[in-house]
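Here is the file run_31.pdb (PDB, C-alpha atoms, pLDDT in the B column).
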```pdb
ATOM      1  CA  MET A   1       0.000   0.000   0.000  1.00 40.00           C
ATOM      2  CA  ALA A   2       3.011   2.285   0.335  1.00 40.00           C
ATOM      3  CA  SER A   3       5.470   3.615  -2.215  1.00 36.00           C
ATOM      4  CA  THR A   4       8.485   5.906  -1.832  1.00 34.00           C
ATOM      5  CA  LYS A   5       8.657   9.088  -3.861  1.00 38.00           C
ATOM      6  CA  GLY A   6      11.305  11.796  -3.796  1.00 37.00           C
ATOM      7  CA  HIS A   7      13.467  12.909  -0.831  1.00 39.00           C
ATOM      8  CA  GLY A   8      12.660   9.703   1.021  1.00 42.00           C
ATOM      9  CA  HIS A   9       9.037  10.653   1.667  1.00 45.00           C
ATOM     10  CA  VAL A  10       6.641   7.734   1.835  1.00 46.00           C
ATOM     11  CA  ILE A  11       3.393   8.181  -0.063  1.00 47.00           C
ATOM     12  CA  ILE A  12       0.557   6.022   1.252  1.00 55.00           C
ATOM     13  CA  ALA A  13      -2.256   5.154  -1.112  1.00 67.00           C
ATOM     14  CA  GLU A  14      -5.765   5.809   0.131  1.00 84.00           C
ATOM     15  CA  ASP A  15      -7.793   2.816   1.212  1.00 95.00           C
ATOM     16  CA  LYS A  16     -10.181   1.859  -1.600  1.00 95.00           C
ATOM     17  CA  TYR A  17     -13.221   1.663   0.663  1.00 98.00           C
ATOM     18  CA  ARG A  18     -12.520   4.053   3.570  1.00 98.00           C
ATOM     19  CA  SER A  19     -11.624   7.705   4.101  1.00 97.00           C
ATOM     20  CA  HIS A  20      -9.741   9.605   6.827  1.00 97.00           C
ATOM     21  CA  ILE A  21      -6.863   7.176   7.368  1.00 97.00           C
ATOM     22  CA  TYR A  22      -3.929   8.784   5.552  1.00 94.00           C
ATOM     23  CA  GLY A  23      -2.957  12.253   4.412  1.00 93.00           C
ATOM     24  CA  GLU A  24      -2.309  15.673   5.881  1.00 92.00           C
ATOM     25  CA  GLY A  25      -5.564  15.642   7.834  1.00 93.00           C
ATOM     26  CA  GLU A  26      -4.396  12.614   9.828  1.00 96.00           C
ATOM     27  CA  LYS A  27      -0.798  13.618  10.535  1.00 93.00           C
ATOM     28  CA  ASN A  28      -1.557  14.200  14.233  1.00 95.00           C
ATOM     29  CA  THR A  29      -4.200  11.497  14.659  1.00 97.00           C
ATOM     30  CA  GLN A  30      -3.926   9.421  17.829  1.00 96.00           C
ATOM     31  CA  TRP A  31      -4.163   5.769  16.771  1.00 96.00           C
ATOM     32  CA  ARG A  32      -5.136   3.063  19.262  1.00 90.00           C
ATOM     33  CA  PHE A  33      -2.570   0.555  17.990  1.00 89.00           C
ATOM     34  CA  GLY A  34       0.309   2.936  17.305  1.00 92.00           C
ATOM     35  CA  GLY A  35      -0.328   3.861  13.689  1.00 94.00           C
ATOM     36  CA  PRO A  36      -2.908   3.951  10.905  1.00 95.00           C
ATOM     37  CA  PRO A  37      -4.547   0.602  10.139  1.00 94.00           C
ATOM     38  CA  ASN A  38      -3.926  -1.277   6.900  1.00 94.00           C
ATOM     39  CA  PHE A  39      -7.073  -2.971   5.594  1.00 96.00           C
ATOM     40  CA  GLY A  40      -5.390  -4.873   2.753  1.00 96.00           C
ATOM     41  CA  VAL A  41      -6.196  -8.358   4.099  1.00 96.00           C
ATOM     42  CA  VAL A  42      -9.853  -7.729   4.860  1.00 97.00           C
ATOM     43  CA  ASN A  43     -10.310  -5.794   1.602  1.00 98.00           C
ATOM     44  CA  LYS A  44      -9.208  -8.940  -0.241  1.00 98.00           C
ATOM     45  CA  LEU A  45     -11.718 -11.008   1.743  1.00 98.00           C
ATOM     46  CA  PHE A  46     -14.392  -8.430   0.935  1.00 98.00           C
ATOM     47  CA  GLU A  47     -13.668  -8.467  -2.791  1.00 98.00           C
ATOM     48  CA  GLU A  48     -13.630 -12.264  -2.935  1.00 98.00           C
ATOM     49  CA  GLY A  49     -16.839 -12.739  -0.952  1.00 98.00           C
ATOM     50  CA  ARG A  50     -19.119  -9.786  -1.610  1.00 98.00           C
ATOM     51  CA  THR A  51     -22.464 -10.373  -3.288  1.00 98.00           C
ATOM     52  CA  LYS A  52     -22.948  -6.750  -4.419  1.00 97.00           C
ATOM     53  CA  GLU A  53     -20.605  -4.448  -6.298  1.00 98.00           C
ATOM     54  CA  TRP A  54     -21.865  -0.872  -6.236  1.00 98.00           C
ATOM     55  CA  SER A  55     -20.870   1.682  -8.863  1.00 97.00           C
ATOM     56  CA  LYS A  56     -18.700   4.542  -7.599  1.00 96.00           C
ATOM     57  CA  GLY A  57     -20.755   7.535  -6.564  1.00 97.00           C
ATOM     58  CA  SER A  58     -23.980   5.583  -6.162  1.00 98.00           C
ATOM     59  CA  LEU A  59     -25.952   6.004  -2.929  1.00 98.00           C
ATOM     60  CA  GLU A  60     -25.095   2.415  -1.957  1.00 98.00           C
ATOM     61  CA  GLU A  61     -21.363   2.946  -2.532  1.00 98.00           C
ATOM     62  CA  ARG A  62     -21.384   6.195  -0.552  1.00 98.00           C
ATOM     63  CA  VAL A  63     -23.234   4.591   2.359  1.00 98.00           C
ATOM     64  CA  GLN A  64     -20.864   1.614   2.313  1.00 98.00           C
ATOM     65  CA  ARG A  65     -17.846   3.948   2.469  1.00 98.00           C
ATOM     66  CA  LEU A  66     -19.421   5.936   5.307  1.00 98.00           C
ATOM     67  CA  VAL A  67     -20.157   2.808   7.368  1.00 98.00           C
ATOM     68  CA  LYS A  68     -16.709   1.297   6.783  1.00 98.00           C
ATOM     69  CA  THR A  69     -15.003   4.606   7.622  1.00 98.00           C
ATOM     70  CA  TRP A  70     -17.130   5.067  10.732  1.00 97.00           C
ATOM     71  CA  GLU A  71     -16.208   1.539  11.914  1.00 95.00           C
ATOM     72  CA  MET A  72     -12.535   2.301  11.295  1.00 96.00           C
ATOM     73  CA  GLU A  73     -12.681   5.445  13.410  1.00 95.00           C
ATOM     74  CA  ILE A  74     -14.607   3.799  16.261  1.00 92.00           C
ATOM     75  CA  PHE A  75     -12.079   0.963  16.485  1.00 91.00           C
ATOM     76  CA  HIS A  76      -8.811   2.759  15.730  1.00 93.00           C
ATOM     77  CA  LYS A  77      -8.978   6.407  16.812  1.00 94.00           C
ATOM     78  CA  THR A  78      -8.712   7.347  20.476  1.00 92.00           C
ATOM     79  CA  SER A  79      -9.421  11.098  20.451  1.00 94.00           C
ATOM     80  CA  VAL A  80     -12.847  12.575  19.700  1.00 92.00           C
ATOM     81  CA  HIS A  81     -11.036  15.449  17.997  1.00 94.00           C
ATOM     82  CA  ASP A  82      -9.803  13.040  15.310  1.00 96.00           C
ATOM     83  CA  PHE A  83     -13.231  11.699  14.320  1.00 96.00           C
ATOM     84  CA  LYS A  84     -14.340  12.963  10.904  1.00 97.00           C
ATOM     85  CA  THR A  85     -17.503  10.875  10.496  1.00 97.00           C
ATOM     86  CA  ILE A  86     -19.046  11.670  13.902  1.00 97.00           C
ATOM     87  CA  ASN A  87     -20.675  14.723  15.468  1.00 97.00           C
ATOM     88  CA  PRO A  88     -19.279  14.167  18.989  1.00 94.00           C
ATOM     89  CA  GLU A  89     -21.665  16.574  20.719  1.00 94.00           C
ATOM     90  CA  LYS A  90     -24.765  14.720  19.547  1.00 96.00           C
ATOM     91  CA  PHE A  91     -23.579  11.165  18.875  1.00 97.00           C
ATOM     92  CA  THR A  92     -25.387   8.188  20.425  1.00 97.00           C
ATOM     93  CA  ILE A  93     -25.405   4.482  19.591  1.00 96.00           C
ATOM     94  CA  SER A  94     -27.927   1.801  20.529  1.00 95.00           C
ATOM     95  CA  LEU A  95     -28.226  -1.918  19.950  1.00 92.00           C
ATOM     96  CA  ASN A  96     -31.549  -3.741  19.486  1.00 92.00           C
ATOM     97  CA  GLY A  97     -33.517  -0.993  21.199  1.00 93.00           C
ATOM     98  CA  ARG A  98     -31.313  -0.760  24.303  1.00 91.00           C
ATOM     99  CA  LYS A  99     -30.634   2.545  26.022  1.00 92.00           C
ATOM    100  CA  PRO A 100     -28.409   4.674  23.753  1.00 95.00           C
ATOM    101  CA  LEU A 101     -24.780   5.238  24.707  1.00 93.00           C
ATOM    102  CA  THR A 102     -23.067   8.589  24.272  1.00 94.00           C
ATOM    103  CA  LEU A 103     -19.738   8.770  22.463  1.00 92.00           C
ATOM    104  CA  GLY A 104     -17.932   9.020  25.814  1.00 91.00           C
ATOM    105  CA  GLU A 105     -19.732   5.969  27.191  1.00 90.00           C
ATOM    106  CA  GLY A 106     -19.019   4.014  24.019  1.00 89.00           C
ATOM    107  CA  MET A 107     -15.317   4.888  24.070  1.00 87.00           C
ATOM    108  CA  LYS A 108     -15.091   3.857  27.729  1.00 87.00           C
ATOM    109  CA  ILE A 109     -16.605   0.438  26.932  1.00 86.00           C
ATOM    110  CA  GLY A 110     -14.442   0.188  23.817  1.00 81.00           C
ATOM    111  CA  GLY A 111     -13.984  -1.993  20.765  1.00 77.00           C
ATOM    112  CA  TYR A 112     -16.259  -4.931  20.183  1.00 84.00           C
ATOM    113  CA  ASN A 113     -17.779  -4.441  23.613  1.00 83.00           C
ATOM    114  CA  ILE A 114     -19.888  -1.582  22.258  1.00 82.00           C
ATOM    115  CA  PHE A 115     -21.639  -4.076  20.015  1.00 82.00           C
ATOM    116  CA  LEU A 116     -21.784  -7.017  22.425  1.00 75.00           C
ATOM    117  CA  GLN A 117     -23.936  -5.590  25.203  1.00 76.00           C
ATOM    118  CA  THR A 118     -26.225  -8.161  26.791  1.00 74.00           C
ATOM    119  CA  SER A 119     -28.541  -8.746  29.722  1.00 74.00           C
ATOM    120  CA  MET A 120     -27.794 -12.493  29.745  1.00 75.00           C
ATOM    121  CA  PRO A 121     -26.489 -13.856  33.092  1.00 80.00           C
ATOM    122  CA  GLU A 122     -22.711 -13.940  33.110  1.00 82.00           C
ATOM    123  CA  SER A 123     -22.625 -17.734  33.548  1.00 79.00           C
ATOM    124  CA  LEU A 124     -24.212 -18.112  30.091  1.00 78.00           C
ATOM    125  CA  ARG A 125     -21.956 -15.716  28.223  1.00 79.00           C
ATOM    126  CA  ALA A 126     -19.536 -17.203  25.711  1.00 80.00           C
ATOM    127  CA  TYR A 127     -18.079 -13.714  25.504  1.00 80.00           C
ATOM    128  CA  ASN A 128     -18.391 -11.286  28.417  1.00 81.00           C
ATOM    129  CA  PRO A 129     -18.074  -7.626  27.382  1.00 78.00           C
ATOM    130  CA  SER A 130     -18.140  -6.470  30.995  1.00 83.00           C
ATOM    131  CA  VAL A 131     -14.705  -7.966  31.679  1.00 86.00           C
ATOM    132  CA  GLU A 132     -13.001  -7.344  28.313  1.00 83.00           C
ATOM    133  CA  THR A 133     -11.169  -4.159  27.336  1.00 84.00           C
ATOM    134  CA  SER A 134     -11.025  -2.597  23.901  1.00 81.00           C
ATOM    135  CA  GLU A 135      -7.571  -4.139  23.416  1.00 84.00           C
ATOM    136  CA  SER A 136      -8.461  -7.632  24.685  1.00 87.00           C
ATOM    137  CA  SER A 137     -11.625  -7.770  22.580  1.00 86.00           C
ATOM    138  CA  HIS A 138      -9.596  -6.771  19.534  1.00 86.00           C
ATOM    139  CA  ARG A 139      -7.073  -9.560  20.208  1.00 89.00           C
ATOM    140  CA  ILE A 140      -9.826 -12.159  20.658  1.00 91.00           C
ATOM    141  CA  PHE A 141     -11.594 -11.490  17.392  1.00 91.00           C
ATOM    142  CA  THR A 142      -8.521 -10.847  15.243  1.00 92.00           C
ATOM    143  CA  THR A 143      -7.227 -14.217  16.471  1.00 94.00           C
ATOM    144  CA  THR A 144     -10.522 -15.899  15.611  1.00 95.00           C
ATOM    145  CA  PHE A 145     -10.751 -14.169  12.210  1.00 95.00           C
ATOM    146  CA  PRO A 146      -7.148 -13.827  10.942  1.00 95.00           C
ATOM    147  CA  ARG A 147      -8.390 -12.781   7.488  1.00 96.00           C
ATOM    148  CA  GLY A 148     -10.681 -10.161   8.954  1.00 95.00           C
ATOM    149  CA  PHE A 149     -14.392  -9.592   9.361  1.00 95.00           C
ATOM    150  CA  ALA A 150     -15.759  -8.177   6.118  1.00 97.00           C
ATOM    151  CA  LEU A 151     -18.770  -5.913   5.711  1.00 97.00           C
ATOM    152  CA  GLU A 152     -20.942  -5.193   2.708  1.00 98.00           C
ATOM    153  CA  ILE A 153     -24.058  -3.084   2.240  1.00 98.00           C
ATOM    154  CA  LEU A 154     -26.792  -5.157   0.642  1.00 98.00           C
ATOM    155  CA  GLN A 155     -29.492  -2.546   0.260  1.00 98.00           C
ATOM    156  CA  VAL A 156     -30.130   1.086   1.127  1.00 98.00           C
ATOM    157  CA  TYR A 157     -33.748   1.836   1.929  1.00 98.00           C
ATOM    158  CA  SER A 158     -33.442   5.596   2.456  1.00 98.00           C
ATOM    159  CA  GLY A 159     -30.798   8.259   1.989  1.00 95.00           C
ATOM    160  CA  PRO A 160     -29.673  11.066   4.282  1.00 97.00           C
ATOM    161  CA  PRO A 161     -30.479  12.517   6.706  1.00 98.00           C
ATOM    162  CA  VAL A 162     -31.860   9.170   7.982  1.00 98.00           C
ATOM    163  CA  ILE A 163     -29.965   6.369   6.224  1.00 98.00           C
ATOM    164  CA  VAL A 164     -31.532   2.932   6.626  1.00 98.00           C
ATOM    165  CA  TYR A 165     -29.610  -0.017   5.211  1.00 98.00           C
ATOM    166  CA  LYS A 166     -29.242  -3.788   5.331  1.00 98.00           C
ATOM    167  CA  PHE A 167     -25.749  -5.190   5.896  1.00 98.00           C
ATOM    168  CA  ARG A 168     -23.907  -8.500   5.859  1.00 97.00           C
ATOM    169  CA  HIS A 169     -20.823  -9.351   7.947  1.00 96.00           C
ATOM    170  CA  TRP A 170     -18.768 -12.483   7.255  1.00 96.00           C
ATOM    171  CA  ALA A 171     -15.452 -14.116   8.118  1.00 96.00           C
ATOM    172  CA  PHE A 172     -13.694 -17.467   8.274  1.00 97.00           C
ATOM    173  CA  MET A 173     -13.132 -18.949  11.711  1.00 96.00           C
ATOM    174  CA  GLU A 174      -9.504 -19.975  11.212  1.00 97.00           C
ATOM    175  CA  GLY A 175      -8.383 -19.298  14.779  1.00 96.00           C
ATOM    176  CA  PRO A 176      -9.726 -20.281  18.206  1.00 95.00           C
ATOM    177  CA  PHE A 177     -12.500 -18.378  19.948  1.00 92.00           C
ATOM    178  CA  LYS A 178     -11.877 -18.334  23.692  1.00 87.00           C
ATOM    179  CA  SER A 179     -11.677 -22.075  24.563  1.00 87.00           C
ATOM    180  CA  HIS A 180     -13.198 -23.326  21.289  1.00 92.00           C
ATOM    181  CA  ALA A 181     -11.144 -24.729  18.428  1.00 95.00           C
ATOM    182  CA  PRO A 182     -11.440 -23.158  14.965  1.00 95.00           C
ATOM    183  CA  THR A 183     -13.842 -24.804  12.518  1.00 95.00           C
ATOM    184  CA  GLY A 184     -12.428 -23.255   9.341  1.00 96.00           C
ATOM    185  CA  GLU A 185     -16.001 -22.470   8.286  1.00 96.00           C
ATOM    186  CA  MET A 186     -17.386 -19.199   7.041  1.00 96.00           C
ATOM    187  CA  VAL A 187     -19.569 -17.457   9.598  1.00 94.00           C
ATOM    188  CA  GLU A 188     -21.922 -14.650   8.655  1.00 94.00           C
ATOM    189  CA  PHE A 189     -24.884 -12.663   9.875  1.00 90.00           C
ATOM    190  CA  TYR A 190     -27.224  -9.974   8.610  1.00 95.00           C
ATOM    191  CA  GLY A 191     -28.679  -6.864  10.209  1.00 96.00           C
ATOM    192  CA  ILE A 192     -30.247  -3.461   9.792  1.00 98.00           C
ATOM    193  CA  GLY A 193     -28.445  -0.193  10.491  1.00 98.00           C
ATOM    194  CA  ILE A 194     -29.902   3.293  10.840  1.00 98.00           C
ATOM    195  CA  PHE A 195     -27.556   6.289  10.627  1.00 98.00           C
ATOM    196  CA  THR A 196     -28.910   9.777  11.279  1.00 98.00           C
ATOM    197  CA  VAL A 197     -26.480  12.340   9.837  1.00 98.00           C
ATOM    198  CA  ASP A 198     -26.153  16.122   9.866  1.00 97.00           C
ATOM    199  CA  GLU A 199     -25.735  18.419   6.855  1.00 97.00           C
ATOM    200  CA  SER A 200     -22.004  17.583   6.771  1.00 96.00           C
ATOM    201  CA  MET A 201     -22.746  13.819   6.724  1.00 97.00           C
ATOM    202  CA  ARG A 202     -21.425  13.430  10.265  1.00 98.00           C
ATOM    203  CA  VAL A 203     -23.188  10.695  12.176  1.00 98.00           C
ATOM    204  CA  GLU A 204     -25.333  11.886  15.074  1.00 98.00           C
ATOM    205  CA  LYS A 205     -27.241   8.714  15.897  1.00 98.00           C
ATOM    206  CA  VAL A 206     -26.647   5.024  15.205  1.00 98.00           C
ATOM    207  CA  GLU A 207     -29.134   2.195  15.722  1.00 98.00           C
ATOM    208  CA  PHE A 208     -28.380  -1.462  14.983  1.00 96.00           C
ATOM    209  CA  PHE A 209     -30.738  -4.424  14.886  1.00 95.00           C
ATOM    210  CA  TYR A 210     -29.435  -7.976  14.446  1.00 90.00           C
ATOM    211  CA  ASP A 211     -29.460 -11.457  15.985  1.00 80.00           C
ATOM    212  CA  ALA A 212     -26.145 -11.756  17.796  1.00 74.00           C
ATOM    213  CA  ASP A 213     -26.759 -15.420  18.633  1.00 72.00           C
ATOM    214  CA  GLU A 214     -26.429 -16.226  14.950  1.00 76.00           C
ATOM    215  CA  LEU A 215     -22.757 -15.345  15.043  1.00 78.00           C
ATOM    216  CA  ILE A 216     -21.746 -16.505  18.504  1.00 77.00           C
ATOM    217  CA  GLY A 217     -23.371 -19.899  17.949  1.00 78.00           C
ATOM    218  CA  SER A 218     -21.022 -20.443  15.003  1.00 87.00           C
ATOM    219  CA  LEU A 219     -18.003 -19.635  17.168  1.00 90.00           C
ATOM    220  CA  ILE A 220     -18.703 -22.207  19.881  1.00 88.00           C
ATOM    221  CA  LYS A 221     -19.349 -25.147  17.519  1.00 89.00           C
ATOM    222  CA  GLY A 222     -15.755 -26.348  17.632  1.00 87.00           C
ATOM    223  CA  PRO A 223     -14.518 -28.751  20.312  1.00 88.00           C
ATOM    224  CA  SER A 224     -13.235 -27.313  23.550  1.00 86.00           C
ATOM    225  CA  ILE A 225      -9.485 -26.812  23.544  1.00 82.00           C
ATOM    226  CA  ASP A 226      -9.109 -26.994  27.321  1.00 71.00           C
ATOM    227  CA  GLY A 227     -11.452 -29.956  27.801  1.00 62.00           C
ATOM    228  CA  SER A 228     -14.274 -27.966  29.367  1.00 56.00           C
ATOM    229  CA  GLU A 229     -17.857 -28.432  28.270  1.00 50.00           C
ATOM    230  CA  ALA A 230     -18.972 -26.196  25.397  1.00 42.00           C
ATOM    231  CA  SER A 231     -21.453 -23.509  26.309  1.00 41.00           C
ATOM    232  CA  ALA A 232     -24.777 -24.227  24.669  1.00 39.00           C
ATOM    233  CA  THR A 233     -26.257 -20.791  25.112  1.00 39.00           C
ATOM    234  CA  SER A 234     -25.201 -17.229  24.490  1.00 38.00           C
ATOM    235  CA  SER A 235     -26.914 -13.932  23.892  1.00 36.00           C
ATOM    236  CA  LEU A 236     -23.861 -12.394  22.332  1.00 38.00           C
ATOM    237  CA  GLY A 237     -22.678 -11.798  18.844  1.00 37.00           C
ATOM    238  CA  CYS A 238     -20.133  -9.646  17.088  1.00 36.00           C
ATOM    239  CA  PRO A 239     -21.311  -7.289  14.369  1.00 37.00           C
ATOM    240  CA  PHE A 240     -18.159  -5.499  13.586  1.00 37.00           C
ATOM    241  CA  LEU A 241     -14.971  -6.453  12.812  1.00 34.00           C
ATOM    242  CA  ASN A 242      -5.012  -6.490  13.735  1.00 34.00           C
ATOM    243  CA  LYS A 243      -2.486  -5.225  15.403  1.00 34.00           C
ATOM    244  CA  PHE A 244      -0.468  -2.138  14.457  1.00 33.00           C
ATOM    245  CA  CYS A 245      -0.763  -1.445  10.720  1.00 39.00           C
ATOM    246  CA  THR A 246      -3.210  -4.312  10.267  1.00 47.00           C
ATOM    247  CA  SER A 247      -6.949  -4.191  10.609  1.00 55.00           C
ATOM    248  CA  LYS A 248      -9.562  -6.873  10.381  1.00 55.00           C
ATOM    249  CA  ILE A 249     -12.762  -4.966   9.741  1.00 62.00           C
TER
END
```

Just dump the structure as structure tokens.
Amino acid sequence: MASTKGHGHVIIAEDKYRSHIYGEGEKNTQWRFGGPPNFGVVNKLFEEGRTKEWSKGSLEERVQRLVKTWEMEIFHKTSVHDFKTINPEKFTISLNGRKPLTLGEGMKIGGYNIFLQTSMPESLRAYNPSVETSESSHRIFTTTFPRGFALEILQVYSGPPVIVYKFRHWAFMEGPFKSHAPTGEMVEFYGIGIFTVDESMRVEKVEFFYDADELIGSLIKGPSIDGSEASATSSLGCPFLNKFCTSKI
């Protein structure tokens, strides 16, 4: 993704599907994992597995870029001043009708934990967001999905200011999940997203609706690595999906 040009300066190509990663506007950005993420691996997974290919400039392509860029910022940027897709004063996010979280509350919870909230008793949780940090959740799911967790927009039902869309997330479970061995199978799930944006296309409100059990059930199918009994029930899933310079969503 990088090439060297003149006087030793490194020129980084823009990501094909996301904005606000490289360039002058990001020279002082505070990155969670030490530097800007590289989405090359998950972009390849996306291109190989997508079911829709939207023409550049279409409403669907613009919504897909917005959602992918928003996910990138939520997972990889640590300062509200660096967010370009979010109106920090008004931003809230809610999952399946739960009480909305402010941007500050979401950043405190961090990472996948924003999307894995649950009221299920802790003894039944295959993944417990109340004990995981942003960093530990990132390690868990990038280990489980070494090729990344791809996202595509399947349909856009309405344009701004209230964008309603259907999405698909998929990955290959080629690494262990907690105490469960990898199956090598593709796992996927579908959901509905609602983004309310301002006149500058900054997101003010996010609502997601999906069946998290659909995903988590696929991740606990493999035999237990440590010999413990597999959990048969979970209310958790993972809608969004490496280390420094590598990203898996």

- Near range 15-31 of chain A, within 6 Å and counting only C-alpha atoms, which residues show up once chain neighbours fewer than 2 positions away are dropped, as JSON, numbers by chain? {"A": [33, 34, 35, 65, 68, 69, 76, 77, 78, 82]}

- Message: To one decimal place in Å, what is the distance between CA of Asn87 in chain A and CA of Glu73 in chain A?
- Response: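 Result for CA of Asn87 in chain A versus CA of Glu73 in chain A: 12.4 Å, one decimal.
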
- Query: Between CA of Asn96 in chain A and CA of Phe209 in chain A, what is the spacing in Å?
  - Reply: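 These atoms are spaced 4.7 Å apart.
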
- Message: I'd like the neighbourhood of Lys44 in chain A as a ChimeraX atom specification, where a residue qualifies if any of its atoms comes within 12 Å (using only C-alpha atoms), though same-chain residues fewer than 2 positions away should be ignored.
- Response: /A:15-17,38-42,46-50,147-151,171,248-249

- What does the distance from CA of Glu132 in chain A to CA of Lys90 in chain A come to in Å, to one decimal?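 So the two atoms, CA of Glu132 in chain A and CA of Lys90 in chain A, lie 26.5 Å apart.
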
Axis-aligned box for all listed atoms of range 150-158 of chain A, 5 Å per side, centre and edges in Å to one decimal, as AutoDock Vina command-line options:
```
--center_x -24.8 --center_y -1.3 --center_z 3.2 --size_x 28.0 --size_y 23.8 --size_z 15.9
```

- Query: Written as number ranges by chain, which residues does the PyMOL selection byres ((chain A and resi 201) around 12) give for the file shown?
  - Reply: A: 62-63, 65-67, 70, 84-87, 159-163, 195-200, 202-205

- Task: I need the residue set behind the PyMOL selection byres ((chain A and resi 207) around 7) for this file; please write it as a ChimeraX atom specification.
- Result: /A:93-95,193-195,205-206,208-209

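Residues lying within 7 Å of Lys166 in chain A, counting only C-alpha atoms and ignoring same-chain neighbours fewer than 6 positions away, are A:Ile153, A:Leu154, A:Gln155, A:Val156, A:Gly191, A:Ile192, A:Gly193.
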
- Of the residues A:Ile216, A:Arg32, A:Pro182, A:Thr51, which is the one nearest to Met107 in chain A, using only C-alpha atoms? A:Arg32

Could you give me, as a PDB file with C-alpha atoms, in the frame of the given file, the residues that sit within 9 Å of (-25.8, 14.7, 23.0) in the file's coordinates, counting only C-alpha atoms?
```
ATOM      1  CA  PRO A  88     -19.279  14.167  18.989  1.00 94.00           C
ATOM      2  CA  GLU A  89     -21.665  16.574  20.719  1.00 94.00           C
ATOM      3  CA  LYS A  90     -24.765  14.720  19.547  1.00 96.00           C
ATOM      4  CA  PHE A  91     -23.579  11.165  18.875  1.00 97.00           C
ATOM      5  CA  THR A  92     -25.387   8.188  20.425  1.00 97.00           C
ATOM      6  CA  THR A 102     -23.067   8.589  24.272  1.00 94.00           C
ATOM      7  CA  LEU A 103     -19.738   8.770  22.463  1.00 92.00           C
ATOM      8  CA  GLU A 204     -25.333  11.886  15.074  1.00 98.00           C
TER       9      GLU A 204
END
```

- Query: Which protein, DNA or RNA residues are at most 9 Å from (-13.2, -9.5, 21.0) in the file's coordinates when you count only C-alpha atoms, listed as number ranges by chain?
  - Reply: A: 111-113, 127, 129, 132-144, 177, 238, 241

- Message: Between A:Lys221, A:Ser158, A:Pro37, A:Glu188, which residue has the minimum interatomic distance to Glu71 in chain A, considering all atoms listed in the file?
- Response: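 Distance minimum relative to Glu71 in chain A lands on A:Pro37.
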
- Name the residues captured by the PyMOL selection byres ((chain A and resi 186) around 10) when it is applied to the shown file; answer as a ChimeraX atom specification. /A:145,170-174,183-185,187-188,218
